[in-house]
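Beneath this line is the structure, given in structure tokens, with notes to follow.
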Amino acid sequence: MVNTQTTGWIDIDLSSFKIKRTTTIRGNEVELFVSPYDIPKAVRASLDEDKRYLTIEFKYLNEEPTEDKKENNYVEYKLGKASHRLQAIKIDIDNLMKQENIKFNITKRDKLLSAINILLRKTNGESPRDNYELVQDAIRAKENEILAAAAA
């Protein structure tokens, strides 16, 4: 059995982040707001004992069934079945560094944000994209606490 180091849930306040945007619909400028159900309220990180997998989980106002999506040999996502919100991201750090020929001075934060960028590039709908951008904001705002498990 693999031992895992896990941080506790870290509260996130994203009220000052981009929760609204302006767009044009049928020639009219309108403001769109992100649903409070798509805004992560807390985050936690875990790293298995052999430091191979870094997992970041997000907590929302409500829970929903999830589905796993394997992006490639080193990134897996757990997405909400109905909302497609990012519930968790799991990165095989060793495999990522080997396959992408990444040097050791690249931070775990940068690897995590790169994995989320893969989701941003692939999404067509507006709601998941807003969620993924807020997740990036959460990681940037709380990176020291989130990655405490990875540094241990």
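Starting from 1 in every chain, residues are counted up; chains themselves are A, B, ... following the order of the structure tokens, and ligands are numbered from 1 as listed.
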task: Excluding A:Thr22 and any residue of its chain fewer than 5 positions from it, enumerate the residues within 12 Å of it, using only C-alpha atoms, and give them as a PyMOL selection string.
output: chain A and resi 28-34
query: Pick from A:Val43, A:Ile10, A:Leu86, A:Val135: nearest to A:Glu64, with only C-alpha atoms counted?
result: A:Leu86
- prompt: For A:Thr55, which residue among A:Asn144, A:Asn95, A:Gln87, A:Ser15 is the nearest when counting only C-alpha atoms?
  reply: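 Of the candidates, the smallest distance to A:Thr55 is held by A:Gln87.
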query: In Å to one decimal, how far is atom CA of A:Asp68 from atom CA of A:Ser35?
result: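 About the pair atom CA of A:Ser35 and atom CA of A:Asp68: they are 23.1 Å apart.
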Which residues are near stretch 88-90 of chain A? Cut-off 8 Å, only C-alpha atoms, ignore same chain within fewer than 6 positions. Put them as a PDB file with N, CA and C atoms, in the first residue's frame.
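After the write, result.pdb holds the following:
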ATOM      1  N   TYR A  53       2.855  10.600  -8.073  1.00  0.00           N
ATOM      2  CA  TYR A  53       1.591  11.216  -8.458  1.00  0.00           C
ATOM      3  C   TYR A  53       1.251  12.404  -7.570  1.00  0.00           C
ATOM      4  N   LEU A  54       1.013  13.549  -8.185  1.00  0.00           N
ATOM      5  CA  LEU A  54       0.511  14.728  -7.501  1.00  0.00           C
ATOM      6  C   LEU A  54      -0.968  14.856  -7.874  1.00  0.00           C
ATOM      7  N   THR A  55      -1.833  14.890  -6.866  1.00  0.00           N
ATOM      8  CA  THR A  55      -3.272  15.013  -7.107  1.00  0.00           C
ATOM      9  C   THR A  55      -3.778  16.272  -6.423  1.00  0.00           C
ATOM     10  N   ILE A  56      -4.521  17.075  -7.179  1.00  0.00           N
ATOM     11  CA  ILE A  56      -5.156  18.276  -6.648  1.00  0.00           C
ATOM     12  C   ILE A  56      -6.661  18.074  -6.775  1.00  0.00           C
ATOM     13  N   GLU A  57      -7.388  18.213  -5.659  1.00  0.00           N
ATOM     14  CA  GLU A  57      -8.841  18.040  -5.649  1.00  0.00           C
ATOM     15  C   GLU A  57      -9.516  19.374  -5.342  1.00  0.00           C
ATOM     16  N   PHE A  58     -10.711  19.565  -5.906  1.00  0.00           N
ATOM     17  CA  PHE A  58     -11.472  20.792  -5.700  1.00  0.00           C
ATOM     18  C   PHE A  58     -12.831  20.466  -5.114  1.00  0.00           C
ATOM     19  N   TYR A  74       0.474  10.953 -18.594  1.00  0.00           N
ATOM     20  CA  TYR A  74       0.860  11.576 -17.337  1.00  0.00           C
ATOM     21  C   TYR A  74      -0.180  12.501 -16.733  1.00  0.00           C
ATOM     22  N   VAL A  75      -1.303  12.740 -17.396  1.00  0.00           N
ATOM     23  CA  VAL A  75      -2.341  13.603 -16.844  1.00  0.00           C
ATOM     24  C   VAL A  75      -3.693  12.893 -16.901  1.00  0.00           C
ATOM     25  N   GLU A  76      -4.358  12.844 -15.741  1.00  0.00           N
ATOM     26  CA  GLU A  76      -5.719  12.320 -15.661  1.00  0.00           C
ATOM     27  C   GLU A  76      -6.587  13.365 -14.971  1.00  0.00           C
ATOM     28  N   TYR A  77      -7.832  13.469 -15.434  1.00  0.00           N
ATOM     29  CA  TYR A  77      -8.784  14.405 -14.846  1.00  0.00           C
ATOM     30  C   TYR A  77      -9.946  13.641 -14.258  1.00  0.00           C
ATOM     31  N   LYS A  78     -10.555  14.199 -13.248  1.00  0.00           N
ATOM     32  CA  LYS A  78     -11.831  13.728 -12.723  1.00  0.00           C
ATOM     33  C   LYS A  78     -12.784  14.895 -12.961  1.00  0.00           C
ATOM     34  N   LEU A  79     -13.770  14.690 -13.848  1.00  0.00           N
ATOM     35  CA  LEU A  79     -14.711  15.738 -14.234  1.00  0.00           C
ATOM     36  C   LEU A  79     -16.111  15.393 -13.751  1.00  0.00           C
TER      37      LEU A  79
END
- line: As a check of understanding: the span from atom CA of A:Ser83 to atom CA of A:Asn131 is 9.6 Å
